[in-house]
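Engineer: One structure is given below, represented as C-alpha cells, and several questions about it will come after.
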Amino acid sequence: MRYLSFLWFLLAMGAGVPSAAMAQQKLKWAHVYESSEPYHTESVWAAEEIKKRSNGKFDIQVFPASSLGKETDLNQGLTLGSVDIVIGGPSFAARSYPRFGIAYYPFIFRDGDHLLAYSKSPLFQEMVNEFRNKSGIQVTAYTYYGARHTSAQKPFTQCADIKGLKIRVPDAPAYTATWQACGANPTPIAFAEVYLALQNGTVDAQENPLTTIEAKKFFEVQKAIMLTGHIVDGLVTMVAPHVWSTLSPAEQKMFTEVMQEAAARASAKIKKREAELIDTFKKKGLQVIEVNRKSFQDAVLKNKPVDSMGLARADYDRVQAVK
C-alpha cells in the first residue's frame, strides 16, 4: 500500500514537469508615449488579448512614457534582450536598416491613408523581410502617428521665415531635412525633455502631430501652431529576436494579427482626434496657421534630394505609386 502511494506521488510529480516547462512567459513591451495616448491604451489591449488567446502563456506588461528608457535605448534593447516588444518610429530602425528611412522623406506621403496603404504594400513587406533577415527583429504592425506640424513662439507662413529658428527634432537625419533645407537650426533633444526645453528657451519650436502636442501639453509653452504637415508619420511594432525565434508559427500568426488589430484601432482614434484638435487649440488661445507648404517642399527637393539622404530613388517612386 505504501509502495502504491509512493508510486502515485512520483507520477503526480512527473505530471507536474510538463506544466513547469510551459511556465508563463513574462514579456516587457515598452514605448515613449503617454499612458493616455492610443499607442499605449491599444498596446495594453493587445497585451491582454495575447494573454487571453494564448491561455495565459504570455504575460505582457506595457511600460509607457520612457519608463524603460529613451527611444534609442529601447531600440537597442530589442537586440540586447532588455526589452521584448517596442512600438516606436521606424526612423530609429533605419539606423541599422536605411531603407526604412524612405518613409521619413518630407512630403513623401499624401496623407494618413497613403501611409497605411504603403504599410500593406509589397514594398514594405520586402523591407520587413530584409530587416528581419539582417537583425532578427520582426515588424508586426504599422500605426498611423499623425501628420507632423510645427509649434513655435512666433508664427511663420513660409520656408524663408524660419531661417535661424531653433527647433527641436528627434535624433534622426530624416527629421532635420525640412529645417536644414530652409536654413533653420534643428536641434535633437530626447522626447521626454522637450517640454522643459521649450519652457526654458533652449529651443523656440518643435514639430509633432497635433495629438502629441496635446498629450505632451506643448501647447502650454508655445503660442502658435503651423500646419506644415511636412512628415506623415507612423510607428512600427517590433518583436525582439529572442522572442520571435521561440514562437511557433501559430503563435507568430497570433501575435501579428493582434498587433495589427491594435494598430488599426489606434490609427482610427488618431485620425478622429486630429480632426478635432484644430478647434481645440484655437479655443486655448493659440494661433493656428495654414502655411505655404509648397515653399517647404520645393526647398527640400532642391536642397535635400532623395539620393543625398542615402535613400533610393526607386523606393521613393514605388511609394509614390502606392494607391
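We name chains A, B, ... following the order of the C-alpha cells; residues begin at 1 in each chain, and ligands are numbered from 1 as shown.
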Excluding A:Met127 and any residue of its chain fewer than 6 positions from it, enumerate the residues within 10 Å of it, using only C-alpha atoms, and give them as JSON, numbers by chain.
Structural biologist: {"A": [97, 98, 99, 100, 133, 139]}
Engineer: Name all residues at most 7 Å from A:Ser35 (count only C-alpha atoms; drop same-chain ones fewer than 4 positions away) and give them as a list in words.
Structural biologist: His40, Thr41, Pro64 and Ala65 of chain A
Engineer: Residues of stretch 110-323 of chain A in strand (DSSP E) according to DSSP, as an NGL selection string?
Structural biologist: :A and (138-152 or 166-169 or 185-188 or 205-209 or 224-239 or 287-290)
Engineer: Please report as a Markdown table every residue of stretch 128-233 of chain A lying within 7 Å of stretch 283-302 of chain A, along with the nearest atom pair and their distance in Å (one decimal), using only C-alpha atoms.
Structural biologist:
| residue | atom | partner | partner_atom | distance |
| --- | --- | --- | --- | --- |
| A:Thr157 | CA | A:Val291 | CA | 4.4 |
| A:Gln158 | CA | A:Asn292 | CA | 5.2 |
| A:Cys159 | CA | A:Phe296 | CA | 5.1 |
| A:Ala177 | CA | A:Val300 | CA | 6.9 |
| A:Thr178 | CA | A:Val300 | CA | 5.8 |
| A:Ala181 | CA | A:Val300 | CA | 5.4 |
| A:Cys182 | CA | A:Ala299 | CA | 6.4 |
| A:Lys223 | CA | A:Leu286 | CA | 5.3 |
| A:Ala224 | CA | A:Gln287 | CA | 4.5 |
| A:Ile225 | CA | A:Val288 | CA | 4.8 |
| A:Met226 | CA | A:Ile289 | CA | 4.8 |
| A:Leu227 | CA | A:Glu290 | CA | 5.3 |
| A:Thr228 | CA | A:Arg293 | CA | 6.1 |
Engineer: Show which residues sit within 12 Å of A:Glu251, as a list in words. Count only C-alpha atoms, and ignore same-chain residues fewer than 3 positions away.
Structural biologist: Ile50, Lys51, Arg53, Ser54, Asn55, Lys57, Phe58, Val243, Trp244, Ser245, Thr246, Leu247, Ser248, Met254, Phe255, Thr256, Glu257 and Val258 of chain A
Engineer: Please report the interatomic distance between atom CA of A:Ala94 and atom CA of A:Thr187 in Å with one decimal.
Structural biologist: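 If I compute the distance from atom CA of A:Ala94 to atom CA of A:Thr187, I get 19.3 Å.
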Engineer: Can you pull out every residue within 9 Å of A:Glu37, counting only C-alpha atoms, but drop anything in the same chain fewer than 5 positions away, and send it as a PDB file with C-alpha atoms, in the first residue's frame?
Structural biologist:
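And here's part.pdb as it stands now:
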ATOM      1  CA  GLU A  42      -4.112  49.809 -27.585  1.00  0.00           C
ATOM      2  CA  THR A 211      -2.289  64.600 -30.876  1.00  0.00           C
ATOM      3  CA  THR A 212       1.225  64.590 -29.413  1.00  0.00           C
ATOM      4  CA  ALA A 215      -0.787  64.739 -24.950  1.00  0.00           C
ATOM      5  CA  ALA A 266      -5.081  53.254 -32.596  1.00  0.00           C
ATOM      6  CA  ILE A 270      -5.649  59.270 -34.012  1.00  0.00           C
TER       7      ILE A 270
END
Engineer: I'd like the neighbourhood of A:Ala197 as an mmCIF file with N, CA and C atoms, in the first residue's frame, where a residue qualifies if any of its atoms comes within 12 Å (using only C-alpha atoms), though same-chain residues fewer than 6 positions away should be ignored.
Structural biologist:
data_model
loop_
_atom_site.group_PDB
_atom_site.id
_atom_site.type_symbol
_atom_site.label_atom_id
_atom_site.label_comp_id
_atom_site.auth_asym_id
_atom_site.auth_seq_id
_atom_site.Cartn_x
_atom_site.Cartn_y
_atom_site.Cartn_z
ATOM 1 N N LYS A 166 15.501 77.944 -33.890
ATOM 2 C CA LYS A 166 15.951 76.805 -33.100
ATOM 3 C C LYS A 166 14.758 75.879 -32.874
ATOM 4 N N ILE A 167 14.776 74.735 -33.526
ATOM 5 C CA ILE A 167 13.645 73.831 -33.458
ATOM 6 C C ILE A 167 14.090 72.444 -33.007
ATOM 7 N N ARG A 168 13.386 71.894 -32.029
ATOM 8 C CA ARG A 168 13.692 70.533 -31.575
ATOM 9 C C ARG A 168 13.184 69.530 -32.592
ATOM 10 N N VAL A 169 14.037 68.551 -32.895
ATOM 11 C CA VAL A 169 13.661 67.429 -33.758
ATOM 12 C C VAL A 169 14.141 66.137 -33.110
ATOM 13 N N THR A 187 17.604 70.938 -33.693
ATOM 14 C CA THR A 187 18.354 70.522 -32.518
ATOM 15 C C THR A 187 17.761 69.243 -31.937
ATOM 16 N N PRO A 188 18.480 68.117 -32.017
ATOM 17 C CA PRO A 188 17.954 66.883 -31.421
ATOM 18 C C PRO A 188 17.908 66.974 -29.893
ATOM 19 N N ILE A 189 16.750 66.655 -29.326
ATOM 20 C CA ILE A 189 16.557 66.600 -27.880
ATOM 21 C C ILE A 189 15.673 65.394 -27.598
ATOM 22 N N ALA A 190 15.963 64.646 -26.557
ATOM 23 C CA ALA A 190 15.162 63.464 -26.220
ATOM 24 C C ALA A 190 13.704 63.857 -25.996
ATOM 25 N N PHE A 191 12.806 62.988 -26.407
ATOM 26 C CA PHE A 191 11.372 63.274 -26.366
ATOM 27 C C PHE A 191 10.911 63.663 -24.964
ATOM 28 N N VAL A 203 15.105 75.734 -26.980
ATOM 29 C CA VAL A 203 14.644 75.808 -28.369
ATOM 30 C C VAL A 203 13.381 76.660 -28.411
ATOM 31 N N ASP A 204 13.074 77.188 -29.588
ATOM 32 C CA ASP A 204 11.908 78.052 -29.748
ATOM 33 C C ASP A 204 10.709 77.318 -30.323
ATOM 34 N N ALA A 205 10.956 76.134 -30.890
ATOM 35 C CA ALA A 205 9.896 75.449 -31.616
ATOM 36 C C ALA A 205 10.112 73.942 -31.537
ATOM 37 N N GLN A 206 9.088 73.200 -31.926
ATOM 38 C CA GLN A 206 9.180 71.740 -32.028
ATOM 39 C C GLN A 206 8.184 71.297 -33.097
ATOM 40 N N PHE A 218 2.508 70.507 -24.998
ATOM 41 C CA PHE A 218 3.410 71.508 -25.567
ATOM 42 C C PHE A 218 2.692 72.837 -25.802
ATOM 43 N N VAL A 221 3.373 75.866 -23.570
ATOM 44 C CA VAL A 221 4.608 76.650 -23.637
ATOM 45 C C VAL A 221 4.909 77.113 -25.062
ATOM 46 N N GLN A 222 3.884 77.172 -25.906
ATOM 47 C CA GLN A 222 4.011 77.653 -27.280
ATOM 48 C C GLN A 222 2.834 78.578 -27.597
#
Engineer: If DSSP is run on the backbone, what residues of stretch 74-213 of chain A are alpha helix (DSSP H)? A reply as a count of residues only would be ideal.
Structural biologist: 52
Engineer: A:Ile108, A:Ala192, A:Val128, A:Leu198: which is nearest A:Ser67, counting only C-alpha atoms?
Structural biologist: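 For A:Ser67, the nearest of the candidates is A:Ala192.
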Engineer: Show me, as a list of chain:residue names, the residues that have an atom within 7 Å of A:Val232 when counting only C-alpha atoms, minus same-chain residues fewer than 6 positions from it.
Structural biologist: A:Phe109, A:Asp111, A:Gly112, A:Gly146, A:Ala147, A:Arg148
Engineer: Fewer than 3 positions away in the same chain doesn't count, so skip those; otherwise give me all residues within 12 Å of A:Pro173, counting only C-alpha atoms, as JSON, numbers by chain.
Structural biologist: {"A": [91, 92, 94, 95, 98, 101, 102, 104, 105, 106, 169, 170, 176, 177, 178, 179, 180, 186, 187, 188, 304, 308, 309, 310, 311]}
Engineer: Let me make sure I understand: among A:Ser121, A:Gln61, A:Ser43, A:Thr202, which one has the smallest atom-to-atom distance to A:Ile87 if we use only C-alpha atoms?
Structural biologist: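 Under the stated criterion, the closest residue is A:Ser43.
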Engineer: Nearest residue to A:Glu220 out of A:Ala275, A:Ser151, A:Gln252, A:Val236, using only C-alpha atoms?
Structural biologist: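 Nearest candidate to A:Glu220 out of A:Ala275, A:Ser151, A:Gln252, A:Val236: A:Ser151.
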Engineer: For the atom pair atom CA of A:Glu193 and atom CA of A:Tyr175, what is the interatomic distance in Å to one decimal place?
Structural biologist: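 A separation of 17.0 Å between them.
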Engineer: Smallest atom-to-atom distance to A:Gln320: which of A:Ala117, A:Leu78, A:Ala23, A:Ala184, using only C-alpha atoms?
Structural biologist: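 Among the listed residues, A:Ala117 lies closest to A:Gln320.
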Engineer: Taking only C-alpha atoms into account, which of A:Glu126, A:Asp113, A:Asp233, A:Asp279 comes nearest A:Asp315?
Structural biologist: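 The answer is A:Glu126, which sits nearest to A:Asp315.
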